[in-house]
Protein chains: 2
Amino acid sequence: MLNRRKIKILEAIINDYIESAEPIGSRTIARKYDLGVSSATIRNEMSDLEEMGYIVAPHASSGRVPSDKGYRLYVDEVMPKRRLTNQQAEFLKQSILQNLNQVDLLMHELSRAISLLTNYTTVAADIMAQRHKIKHIQLVPVDDGIFALMLITDQNTVKNRVLPLPEASGVGLTTAARISAELTRILGGASGDELNNLFIGVTEQRFMDLHINPDIAAPLIAAISEALSSADNVQIYTSGVKNILDFPEFANLEKARAIVGALEEKDGLITLLADNSEDIQVVIGAENENTMLQDCSIIKAKIRINEHFFGNIAIIGPTRMDYSQVVSVLRNMAFEHKEEEG
Amino acid sequence: MLNRRKIKILEAIINDYIESAEPIGSRTIARKYDLGVSSATIRNEMSDLEEMGYIVAPHASSGRVPSDKGYRLYVDEVMPKRRLTNQQAEFLKQSILQNLNQVDLLMHELSRAISLLTNYTTVAADIMAQRHKIKHIQLVPVDDGIFALMLITDQNTVKNRVLPLPEASGVGLTTAARISAELTRILGGASGDELNNLFIGVTEQRFMDLHINPDIAAPLIAAISEALSSADNVQIYTSGVKNILDFPEFANLEKARAIVGALEEKDGLITLLADNSEDIQVVIGAENENTMLQDCSIIKAKIRINEHFFGNIAIIGPTRMDYSQVVSVLRNMAFEHKEEEG
DNA sequence: GTTAGCACTCTAAGCCAGTGAGTGCTAACA
DNA sequence: TGTTAGCACTCACTGGCTTAGAGTGCTAAC
């Protein structure tokens with residue numbers, strides 16, 4: 001079906017288009033890429049490629065532009081693996097190493113770094129945060145009748161809430177510590193959902209059995225459950241939104257608006273980040289389910305560093321984005337990252 | 001200088017322009033606003049207004065558009081006070097009441113709510129977070145040699161850091177609690193800067209005096225100081241970026257880019273939010289120091305609710321923004337907000 | 001001081017022809 | 001049979017030209 005030459009030509013078209021964003025004609029290819037055949041031959045091949053759906057002509061007598069199908073073939077079969085420069089690799093590595101202990105900082109720096117390296121827009125989130133389980137609960141008095149609640153999850157992430165507990169007015173550090181220990185013992189290992197189910201319609205007696213004043217326990221457990229399971233709780237880290245406006249395909253204000261809008265819609269972004277079974281997944285143009293992003297391509301990846309899963313990340317750019325570069329950056333991100341010895 | 005009629009005319013021009021974004025001519029004013037004089041008279045008055053610099057003509061034979069100076073006069077002297085509808089006031093009130101306990105949630109909801117109410121872009125931050133003082137320190141073991149550090153500040157805000165303390169490997173809850181108490185006793189009341197100064201070049205002996213292993217105390221104090229004082233620590237809450245792209249003045253891609261870029265630059269935003277001596281301050285067009293925002297107007301306010309200062313907020317829109325509406329929303333925000341009784 | 005009338009200005013929109021890049025097809029060539 | 005040269009054709013884009021419409025400034029009359 002696709003002979004070697006056709007693939008060469010498709011590759012040339014894609015490479016040129018990634019760079020110029022202009023439809024590209026047979027003569028240009030003949031001149032710029034040394035394929036050893038004339039523009040007429042290339043013209044014939046391009047005609048075939050168009051018939052097969054790998055490229056399209058924006059209008060009857062213009063050059064050709066890769067189609068989604070063309071990009072798909074390129075990404076799946078043709079695209080070369082690229083290596084980062086030492087400088088780039090080092091930059092990425094440092095961004096990661098300096099924040100390995102704290103998920104929120106890591107996500108923030110990672111999306112910033114990748115956005116800087118690629119010049120595309122980056123979105124990251126720990127969408128699994130909704131399913132973390134309680135490992136430790138710590139209650140600390142903050143002010144009269146106001147308490148800070150700190151949750152440590154099985155993923156070693158920390159969340160906190162400040163909440164009023166008028167019934168616990170006067171409760172000091174020691175008592176708060178005792179309640180903390182009690183709660184940790186009872187609730188440890190549970191996820192937000194489980195908490196919810198567990199405590200729907202509980203009786204006061206139940207709380208008494210737990211040796212905790214129900215007027216204190218009930219709002220506390222509600223707060224814990226809310227902090228753990230609410231979707232509000234998933235923090236989205238966006239970086240490089242401005243970059244997307246620099247691409248000529250978004251000079252069209254409608255499209256620019258659609259994208260900026262999509263980048264502000266948390267639910268949509270979570271769905272977008274959630275849906276990836278593979279480690280690195282490329283979604284091209286209309287393949288995207290989010291209609292506001294069908295003029296874009298998205299490269300999603302799991303953030304897995306040193307065997308540990310931190311969350312998901314997506315790089316968003318025009319369909320003519322530099323897939324090869326982005327994929328190589330994401331591969332690099334998943335490397336083993338260790339402090340240098342000595 | 002400015003007689004009553006001139007002011008009426010200026011007001012008419014501004015009101016019309018806020019709505020239509022089109023230059024407005026004498027005949028239109030004569031028809032739409034019942035000033036009891038002919039278009040020729042209005043023409044003469046407009047000629048005067050132009051000479052005085054309150055309005056400008058984009059080109060020789062077009063209608064007039066308010067100048068920055070015109071808006072300034074309007075904002076300072078002419079603009080009517082408006083009342084929110086009950087629905088709007090209630091919406092704002094609920095957004096505030098439901099999050100009064102926790103600064104981060106409050107800022108987030110507030111900027112979202114105001115952006116929804118006004119259809120402009122909103123930015124909020126607690127820029128004073130860099131100067132908060134320590135009220136309570138809580139250290140909790142998370143994993144072997146890894147600890148969660150929770151700081152409660154004098155403003156009842158909570159910050160946390162996760163950090164490795166290899167030297168404290170094996171330290172359990174009880175010991176961690178003791179260290180927490182010790183640190184709270186020593187460092188309570190200090191700001192991040194003070195901590196920094198206090199512990200530059202301290203000797204090991206000093207830590208021994210504090211009854212804490214120096215290998216543990218040093219990184220802990222460094223983390224505390226970093227968490228309190230770093231500028232990274234100021235969280236920016238942005239909402240409604242898409243809105244700004246809906247205004248025809250930003251159909252010009254250059255301007256759209258400038259703004260979206262400015263909204264991603266944390267330092268710039270902090271400067272912007274920081275500089276306001278008054279409770280509500282209007283910055284019009286070129287008055288703005290940030291060159292990227294000189295095509296915009298910005299209305300800044302202190303977030304002061306129930307006598308408590310939470311941070312700063314800024315509403316960003318085109319220079320023809322609806323100053324009156326935004327100011328009334330911000331005034332409403334500062335009301336006394338209490339739960340209804342019964 | 002106000003108004004009607006009029007000539008003038010300038011933009012935006014529509015139209016048209018010319019240009020150039022690119023195509024598809026055909027016929028000749030190796 | 002695959003490749004190439006040649007040629008007619010298509011179509012977007014550009015620049016010049018015209019027209020319509022909104023608005024101004026000025027003058028003279030009320």
# chains A, B, ... in the order shown; residues from 1 in each chain; ligands from 1
>>> calpha_fit_and_write(fixed="chain A", moving="chain B", output="compact mmCIF listing (two decimals) with C-alpha atoms, in the first residue's frame")
# COMPACT_ATOMS: atom_id res chain seq x y z
CA MET B 1 -0.01 0.08 -0.09
CA LEU B 2 2.35 2.85 1.06
CA ASN B 3 5.71 2.45 -0.62
CA ARG B 4 8.88 3.85 0.80
CA ARG B 5 8.76 6.95 -1.36
CA LYS B 6 5.21 7.87 -0.38
CA ILE B 7 6.20 7.69 3.26
CA LYS B 8 9.23 9.87 2.61
CA ILE B 9 6.98 12.40 0.95
CA LEU B 10 4.40 12.30 3.72
CA GLU B 11 7.16 12.80 6.24
CA ALA B 12 8.50 15.74 4.28
CA ILE B 13 5.06 17.33 4.15
CA ILE B 14 4.53 16.88 7.86
CA ASN B 15 7.95 18.18 8.81
CA ASP B 16 7.57 21.19 6.59
CA TYR B 17 4.09 21.89 7.80
CA ILE B 18 5.07 21.62 11.47
CA GLU B 19 7.55 24.35 10.80
CA SER B 20 5.75 26.67 8.42
CA ALA B 21 2.02 26.08 8.93
CA GLU B 22 1.65 26.71 5.18
CA PRO B 23 0.34 24.24 2.60
CA ILE B 24 3.26 22.70 0.79
CA GLY B 25 3.53 21.94 -2.95
CA SER B 26 5.31 19.36 -5.01
CA ARG B 27 7.97 21.74 -6.27
CA THR B 28 8.93 22.83 -2.78
CA ILE B 29 9.41 19.23 -1.74
CA ALA B 30 11.45 18.47 -4.82
CA ARG B 31 13.75 21.38 -4.07
CA LYS B 32 14.09 21.13 -0.28
CA TYR B 33 14.23 17.37 0.16
CA ASP B 34 16.57 15.36 -1.96
CA LEU B 35 14.30 12.55 -3.09
CA GLY B 36 15.98 12.14 -6.49
CA VAL B 37 12.79 12.57 -8.48
CA SER B 38 11.16 15.53 -10.18
CA SER B 39 8.25 17.58 -8.93
CA ALA B 40 5.98 15.88 -11.44
CA THR B 41 6.61 12.49 -9.89
CA ILE B 42 6.07 13.88 -6.45
CA ARG B 43 2.87 15.40 -7.81
CA ASN B 44 1.65 11.99 -8.82
CA GLU B 45 2.52 10.49 -5.45
CA MET B 46 0.82 13.33 -3.65
CA SER B 47 -2.27 12.75 -5.71
CA ASP B 48 -2.27 9.17 -4.47
CA LEU B 49 -1.66 10.23 -0.86
CA GLU B 50 -4.60 12.57 -1.12
CA GLU B 51 -6.84 9.87 -2.49
CA MET B 52 -5.84 7.63 0.41
CA GLY B 53 -6.70 10.40 2.85
CA TYR B 54 -3.29 11.09 4.33
CA ILE B 55 -3.13 14.64 3.07
CA VAL B 56 -5.71 17.19 1.96
CA ALA B 57 -5.70 20.30 -0.19
CA PRO B 58 -7.31 23.26 1.58
CA HIS B 59 -8.57 24.37 -1.84
CA ALA B 60 -8.38 23.08 -5.38
CA SER B 61 -5.10 24.54 -6.52
CA SER B 62 -3.16 24.83 -3.32
CA GLY B 63 -0.43 22.76 -1.79
CA ARG B 64 -1.25 19.91 0.58
CA VAL B 65 -1.60 19.73 4.31
CA PRO B 66 -1.45 16.58 6.45
CA SER B 67 -4.81 15.19 7.54
CA ASP B 68 -5.55 13.75 10.96
CA LYS B 69 -5.11 10.33 9.36
CA GLY B 70 -1.74 11.43 8.03
CA TYR B 71 -0.57 12.53 11.44
CA ARG B 72 -1.86 9.29 12.90
CA LEU B 73 0.26 7.24 10.51
CA TYR B 74 3.22 9.48 11.21
CA VAL B 75 2.88 9.18 14.97
CA ASP B 76 2.31 5.45 14.95
CA GLU B 77 4.86 4.35 12.39
CA VAL B 78 7.14 6.98 10.99
CA MET B 79 8.04 9.45 13.69
CA PRO B 80 11.69 9.32 14.76
CA LYS B 81 12.71 9.06 18.38
CA ARG B 82 14.58 12.14 19.37
CA ARG B 83 17.00 12.74 22.22
CA LEU B 84 16.92 15.82 24.38
CA THR B 85 20.02 17.94 24.53
CA ASN B 86 21.98 17.53 27.74
CA GLN B 87 20.86 20.96 28.79
CA GLN B 88 17.21 20.16 28.30
CA ALA B 89 17.47 16.82 30.07
CA GLU B 90 19.27 18.45 32.96
CA PHE B 91 16.66 21.19 33.25
CA LEU B 92 13.86 18.65 33.34
CA LYS B 93 15.69 16.50 35.83
CA GLN B 94 16.30 19.36 38.21
CA SER B 95 12.68 20.47 38.06
CA ILE B 96 11.72 16.98 39.11
CA LEU B 97 14.40 16.28 41.69
CA GLN B 98 13.82 19.48 43.57
CA ASN B 99 10.20 18.65 44.18
CA LEU B 100 10.05 14.90 44.49
CA ASN B 101 8.78 15.08 48.05
CA GLN B 102 5.73 17.15 47.51
CA VAL B 103 3.16 16.31 44.89
CA ASP B 104 1.67 19.79 44.51
CA LEU B 105 5.03 21.44 43.96
CA LEU B 106 6.11 18.67 41.63
CA MET B 107 3.03 19.01 39.45
CA HIS B 108 3.42 22.73 39.32
CA GLU B 109 7.07 22.69 38.38
CA LEU B 110 6.66 19.83 35.97
CA SER B 111 3.95 21.52 33.96
CA ARG B 112 5.95 24.71 33.96
CA ALA B 113 9.13 22.97 32.85
CA ILE B 114 7.48 21.00 30.07
CA SER B 115 5.66 24.04 28.84
CA LEU B 116 8.97 25.89 28.68
CA LEU B 117 10.72 23.02 26.92
CA THR B 118 8.06 22.46 24.29
CA ASN B 119 6.43 25.87 23.88
CA TYR B 120 3.04 24.24 24.14
CA THR B 121 0.39 24.44 26.82
CA THR B 122 0.58 21.97 29.67
CA VAL B 123 -2.05 20.73 32.06
CA ALA B 124 -1.38 18.41 34.97
CA ALA B 125 -3.40 17.01 37.83
CA ASP B 126 -3.49 14.18 40.27
CA ILE B 127 -6.92 13.03 39.24
CA MET B 128 -6.64 10.01 41.47
CA ALA B 129 -6.54 12.30 44.50
CA GLN B 130 -10.21 11.53 44.89
CA ARG B 131 -9.37 7.95 45.78
CA HIS B 132 -6.53 8.41 48.20
CA LYS B 133 -6.88 6.72 51.54
CA ILE B 134 -6.39 8.10 55.00
CA LYS B 135 -3.10 7.35 56.63
CA HIS B 136 -2.97 9.90 59.38
CA ILE B 137 -5.31 12.51 60.81
CA GLN B 138 -4.07 15.43 62.86
CA LEU B 139 -6.31 17.97 64.54
CA VAL B 140 -4.77 21.17 65.88
CA PRO B 141 -6.55 24.04 67.65
CA VAL B 142 -6.09 27.29 65.78
CA ASP B 143 -8.29 29.73 67.60
CA ASP B 144 -11.16 29.55 70.02
CA GLY B 145 -13.48 26.92 68.55
CA ILE B 146 -11.57 26.80 65.27
CA PHE B 147 -9.40 23.87 64.27
CA ALA B 148 -7.01 22.93 61.53
CA LEU B 149 -7.41 19.45 60.19
CA MET B 150 -4.47 17.82 58.44
CA LEU B 151 -4.84 14.64 56.46
CA ILE B 152 -1.96 12.55 55.27
CA THR B 153 -2.90 10.04 52.61
CA ASP B 154 -1.50 6.70 51.62
CA GLN B 155 0.19 8.50 48.73
CA ASN B 156 2.01 10.74 51.21
CA THR B 157 0.08 13.76 50.07
CA VAL B 158 -1.15 16.26 52.61
CA LYS B 159 -4.46 18.10 52.64
CA ASN B 160 -5.77 20.53 55.14
CA ARG B 161 -9.02 22.18 56.10
CA VAL B 162 -9.78 24.84 58.64
CA LEU B 163 -13.14 24.38 60.26
CA PRO B 164 -15.12 25.76 63.19
CA LEU B 165 -16.06 23.26 65.90
CA PRO B 166 -17.95 25.38 68.41
CA GLU B 167 -18.65 22.31 70.52
CA ALA B 168 -14.95 21.76 70.94
CA SER B 169 -14.29 25.26 72.18
CA GLY B 170 -11.64 25.07 74.84
CA VAL B 171 -10.17 21.81 73.62
CA GLY B 172 -6.40 22.11 73.83
CA LEU B 173 -3.45 20.57 72.05
CA THR B 174 -3.37 17.44 74.14
CA THR B 175 -7.02 16.58 73.76
CA ALA B 176 -6.85 17.40 70.07
CA ALA B 177 -3.94 15.00 69.78
CA ARG B 178 -5.94 12.31 71.53
CA ILE B 179 -8.90 12.84 69.17
CA SER B 180 -6.48 12.74 66.25
CA ALA B 181 -5.08 9.41 67.36
CA GLU B 182 -8.58 8.06 67.92
CA LEU B 183 -9.76 9.14 64.48
CA THR B 184 -6.64 7.82 62.79
CA ARG B 185 -7.19 4.48 64.46
CA ILE B 186 -10.82 4.27 63.36
CA LEU B 187 -10.67 5.81 59.92
CA GLY B 188 -7.20 4.89 58.77
CA GLY B 189 -7.22 3.11 55.43
CA ALA B 190 -10.60 4.43 54.34
CA SER B 191 -11.16 6.47 51.19
CA GLY B 192 -13.50 9.44 51.01
CA ASP B 193 -16.27 7.39 49.43
CA GLU B 194 -15.99 4.68 52.01
CA LEU B 195 -16.21 7.25 54.79
CA ASN B 196 -19.35 8.62 53.26
CA ASN B 197 -21.03 5.25 53.09
CA LEU B 198 -19.83 4.27 56.52
CA PHE B 199 -21.30 7.23 58.31
CA ILE B 200 -24.61 7.77 56.58
CA GLY B 201 -27.26 7.63 59.25
CA VAL B 202 -24.99 6.65 62.13
CA THR B 203 -26.41 6.94 65.61
CA GLU B 204 -24.98 9.03 68.40
CA GLN B 205 -24.31 5.81 70.22
CA ARG B 206 -21.89 4.81 67.54
CA PHE B 207 -19.80 7.90 68.17
CA MET B 208 -19.93 7.30 71.90
CA ASP B 209 -18.52 3.88 71.24
CA LEU B 210 -15.66 5.60 69.49
CA HIS B 211 -14.99 7.64 72.64
CA ILE B 212 -15.60 10.91 70.80
CA ASN B 213 -18.19 13.58 71.41
CA PRO B 214 -20.65 13.17 68.51
CA ASP B 215 -21.04 16.94 68.12
CA ILE B 216 -17.37 17.08 67.36
CA ALA B 217 -16.97 13.84 65.44
CA ALA B 218 -19.81 14.34 62.97
CA PRO B 219 -18.60 17.62 61.41
CA LEU B 220 -15.03 16.36 61.55
CA ILE B 221 -15.82 13.24 59.61
CA ALA B 222 -17.87 15.24 57.15
CA ALA B 223 -14.91 17.56 56.60
CA ILE B 224 -12.52 14.65 56.20
CA SER B 225 -14.76 12.97 53.70
CA GLU B 226 -15.24 16.20 51.77
CA ALA B 227 -11.54 16.95 51.73
CA LEU B 228 -10.75 13.50 50.41
CA SER B 229 -13.41 12.91 47.82
CA SER B 230 -14.66 16.18 46.43
CA ALA B 231 -13.83 16.89 42.84
CA ASP B 232 -13.04 20.44 43.93
CA ASN B 233 -10.20 18.75 45.57
CA VAL B 234 -8.39 17.90 42.40
CA GLN B 235 -5.97 20.70 41.78
CA ILE B 236 -5.26 21.54 38.15
CA TYR B 237 -1.86 22.91 37.21
CA THR B 238 -1.91 24.80 33.94
CA SER B 239 1.07 26.41 32.31
CA GLY B 240 1.90 28.19 29.08
CA VAL B 241 -1.59 29.17 28.01
CA LYS B 242 -0.12 32.12 26.21
CA ASN B 243 1.89 29.78 23.99
CA ILE B 244 -1.17 28.48 22.25
CA LEU B 245 -2.08 31.98 21.10
CA ASP B 246 1.25 32.29 19.33
CA PHE B 247 0.36 29.68 16.73
CA PRO B 248 -1.09 31.09 13.52
CA GLU B 249 -3.91 28.53 13.53
CA PHE B 250 -5.37 30.28 16.53
CA ALA B 251 -5.25 33.73 15.02
CA ASN B 252 -8.86 32.87 14.38
CA LEU B 253 -10.45 34.31 17.52
CA GLU B 254 -13.18 31.69 17.67
CA LYS B 255 -10.67 28.92 18.06
CA ALA B 256 -8.59 30.83 20.57
CA ARG B 257 -11.67 31.38 22.67
CA ALA B 258 -12.67 27.74 22.49
CA ILE B 259 -9.30 26.64 23.79
CA VAL B 260 -8.90 29.20 26.52
CA GLY B 261 -12.44 28.32 27.57
CA ALA B 262 -11.65 24.62 27.62
CA LEU B 263 -8.56 25.27 29.72
CA GLU B 264 -10.71 26.92 32.36
CA GLU B 265 -13.19 24.10 32.62
CA LYS B 266 -12.01 21.88 35.37
CA ASP B 267 -14.41 19.00 34.78
CA GLY B 268 -13.50 18.83 31.12
CA LEU B 269 -9.81 18.81 31.93
CA ILE B 270 -10.21 16.03 34.46
CA THR B 271 -12.06 13.92 31.89
CA LEU B 272 -9.35 14.68 29.40
CA LEU B 273 -6.55 13.70 31.74
CA ALA B 274 -8.37 10.66 33.07
CA ASP B 275 -8.82 8.81 29.86
CA ASN B 276 -5.52 7.22 29.06
CA SER B 277 -4.77 3.60 29.37
CA GLU B 278 -1.29 3.80 27.92
CA ASP B 279 1.74 5.49 29.37
CA ILE B 280 1.91 7.98 26.54
CA GLN B 281 -1.09 8.52 24.32
CA VAL B 282 -1.46 10.87 21.35
CA VAL B 283 -4.90 12.23 20.50
CA ILE B 284 -5.04 13.95 17.15
CA GLY B 285 -7.53 16.65 16.16
CA ALA B 286 -11.04 15.34 15.71
CA GLU B 287 -10.18 12.17 17.63
CA ASN B 288 -10.64 14.32 20.68
CA GLU B 289 -13.96 13.99 22.45
CA ASN B 290 -13.95 17.52 23.76
CA THR B 291 -15.40 19.47 20.85
CA MET B 292 -13.68 22.63 21.96
CA LEU B 293 -10.34 20.98 21.44
CA GLN B 294 -10.88 19.33 18.07
CA ASP B 295 -8.54 21.75 16.37
CA CYS B 296 -5.80 20.65 18.72
CA SER B 297 -3.75 17.61 19.37
CA ILE B 298 -3.14 16.39 22.86
CA ILE B 299 -0.37 14.20 24.15
CA LYS B 300 -1.20 12.65 27.48
CA ALA B 301 1.09 10.82 29.82
CA LYS B 302 1.15 9.29 33.22
CA ILE B 303 3.56 10.93 35.58
CA ARG B 304 5.46 7.98 36.86
CA ILE B 305 8.81 8.78 38.39
CA ASN B 306 11.05 6.32 40.15
CA GLU B 307 8.29 3.70 40.12
CA HIS B 308 5.88 6.05 41.83
CA PHE B 309 2.69 7.34 40.19
CA PHE B 310 2.06 11.04 40.77
CA GLY B 311 -0.70 11.95 38.37
CA ASN B 312 -1.45 12.77 34.77
CA ILE B 313 -0.18 15.38 32.39
CA ALA B 314 -1.31 16.57 28.98
CA ILE B 315 0.45 18.74 26.43
CA ILE B 316 -1.88 20.66 24.15
CA GLY B 317 -0.91 22.21 20.83
CA PRO B 318 -2.09 22.62 17.27
CA THR B 319 -2.58 19.41 15.27
CA ARG B 320 0.69 20.20 13.53
CA MET B 321 2.50 20.03 16.83
CA ASP B 322 5.95 18.57 17.09
CA TYR B 323 4.87 15.12 18.24
CA SER B 324 8.35 13.72 18.17
CA GLN B 325 9.75 16.40 20.46
CA VAL B 326 6.93 16.23 22.97
CA VAL B 327 7.02 12.46 23.19
CA SER B 328 10.75 12.52 23.77
CA VAL B 329 10.33 15.04 26.60
CA LEU B 330 7.67 12.88 28.19
CA ARG B 331 9.80 9.77 27.86
CA ASN B 332 12.58 11.61 29.57
CA MET B 333 10.29 12.61 32.39
CA ALA B 334 9.66 8.98 33.22
CA PHE B 335 13.35 8.16 33.58
CA GLU B 336 14.86 7.10 36.82
CA HIS B 337 15.73 10.33 38.61
CA LYS B 338 18.31 10.15 41.33
CA GLU B 339 20.52 12.70 42.99
CA GLU B 340 24.06 12.42 41.72
CA GLU B 341 26.37 10.67 44.11
CA GLY B 342 29.24 12.57 45.73
>>> residues_around(residues="D:DG16", least_positions_apart="2", cutoff="10 Å", atoms="only C-alpha atoms (C1' of nucleotides)", output="list in words")
DC16 and DA17 of chain C; DT14 and DT18 of chain D
>>> write_last_selection(atoms="C-alpha atoms (C1' of nucleotides)", output="PDB file, in the first residue's frame")
ATOM      1  C1'  DC C  16     -12.460  43.727 -10.484  1.00  0.00           C
ATOM      2  C1'  DA C  17      -8.282  42.446 -12.655  1.00  0.00           C
TER       3       DA C  17
ATOM      4  C1'  DT D  14      -3.446  41.718  -3.363  1.00  0.00           C
ATOM      5  C1'  DT D  18     -15.820  53.035  -6.368  1.00  0.00           C
TER       6       DT D  18
END
>>> residues_around(residues="D:DC7", least_positions_apart="5", cutoff="12 Å", atoms="only C-alpha atoms (C1' of nucleotides)", output="number ranges by chain")
C: 23-27
>>> select_by_dssp(residues="stretch 33-120 of chain A", states="alpha helix (DSSP H)", output="MDAnalysis selection string")
chainID A and resid 39:52 68:73 86:97 103:118
>>> interface_residues(of="chain D", to="chain A", cutoff="8 Å", atoms="only C-alpha atoms (C1' of nucleotides)", output="list in words")
DT3, DT4, DT10 and DC11 of chain D
>>> atom_distance(atom1="atom C1' of D:DA5", atom2="atom C1' of C:DG18")
26.5 Å
>>> atom_distance(atom1="atom C1' of D:DT19", atom2="atom C1' of C:DT11")
11.9 Å
>>> select_by_dssp(residues="stretch 51-284 of chain A", states="strand (DSSP E)", output="ChimeraX atom specification")
/A:55-56,65-66,121-125,134-143,146-153,158-164,236-239,280-284
>>> write_last_selection(atoms="C-alpha atoms", output="compact mmCIF listing (two decimals), in the first residue's frame")
# COMPACT_ATOMS: atom_id res chain seq x y z
CA ILE A 55 -3.24 14.59 3.19
CA VAL A 56 -5.83 17.12 2.11
CA VAL A 65 -1.70 19.70 4.39
CA PRO A 66 -1.49 16.55 6.53
CA THR A 121 0.50 24.46 26.86
CA THR A 122 0.72 21.99 29.69
CA VAL A 123 -1.90 20.75 32.11
CA ALA A 124 -1.22 18.44 35.01
CA ALA A 125 -3.24 17.04 37.88
CA ILE A 134 -6.43 8.09 54.97
CA LYS A 135 -3.16 7.32 56.62
CA HIS A 136 -3.07 9.86 59.38
CA ILE A 137 -5.40 12.48 60.80
CA GLN A 138 -4.17 15.39 62.87
CA LEU A 139 -6.40 17.93 64.52
CA VAL A 140 -4.87 21.12 65.89
CA PRO A 141 -6.64 23.99 67.64
CA VAL A 142 -6.16 27.25 65.79
CA ASP A 143 -8.35 29.68 67.60
CA ILE A 146 -11.63 26.76 65.23
CA PHE A 147 -9.48 23.83 64.25
CA ALA A 148 -7.04 22.90 61.52
CA LEU A 149 -7.45 19.43 60.18
CA MET A 150 -4.49 17.79 58.46
CA LEU A 151 -4.87 14.61 56.47
CA ILE A 152 -1.97 12.51 55.30
CA THR A 153 -2.92 10.01 52.62
CA VAL A 158 -1.12 16.25 52.66
CA LYS A 159 -4.42 18.10 52.66
CA ASN A 160 -5.76 20.52 55.14
CA ARG A 161 -8.99 22.18 56.08
CA VAL A 162 -9.78 24.83 58.63
CA LEU A 163 -13.15 24.38 60.22
CA PRO A 164 -15.15 25.75 63.13
CA ILE A 236 -5.10 21.58 38.20
CA TYR A 237 -1.71 22.95 37.25
CA THR A 238 -1.77 24.84 33.96
CA SER A 239 1.22 26.44 32.33
CA ILE A 280 2.04 8.00 26.59
CA GLN A 281 -0.95 8.54 24.38
CA VAL A 282 -1.37 10.86 21.41
CA VAL A 283 -4.81 12.22 20.60
CA ILE A 284 -4.98 13.94 17.24
>>> interface_residues(of="chain C", to="chain B", cutoff="7 Å", atoms="only C-alpha atoms (C1' of nucleotides)", output="list in words")
DT2, DT3, DT9 and DC10 of chain C
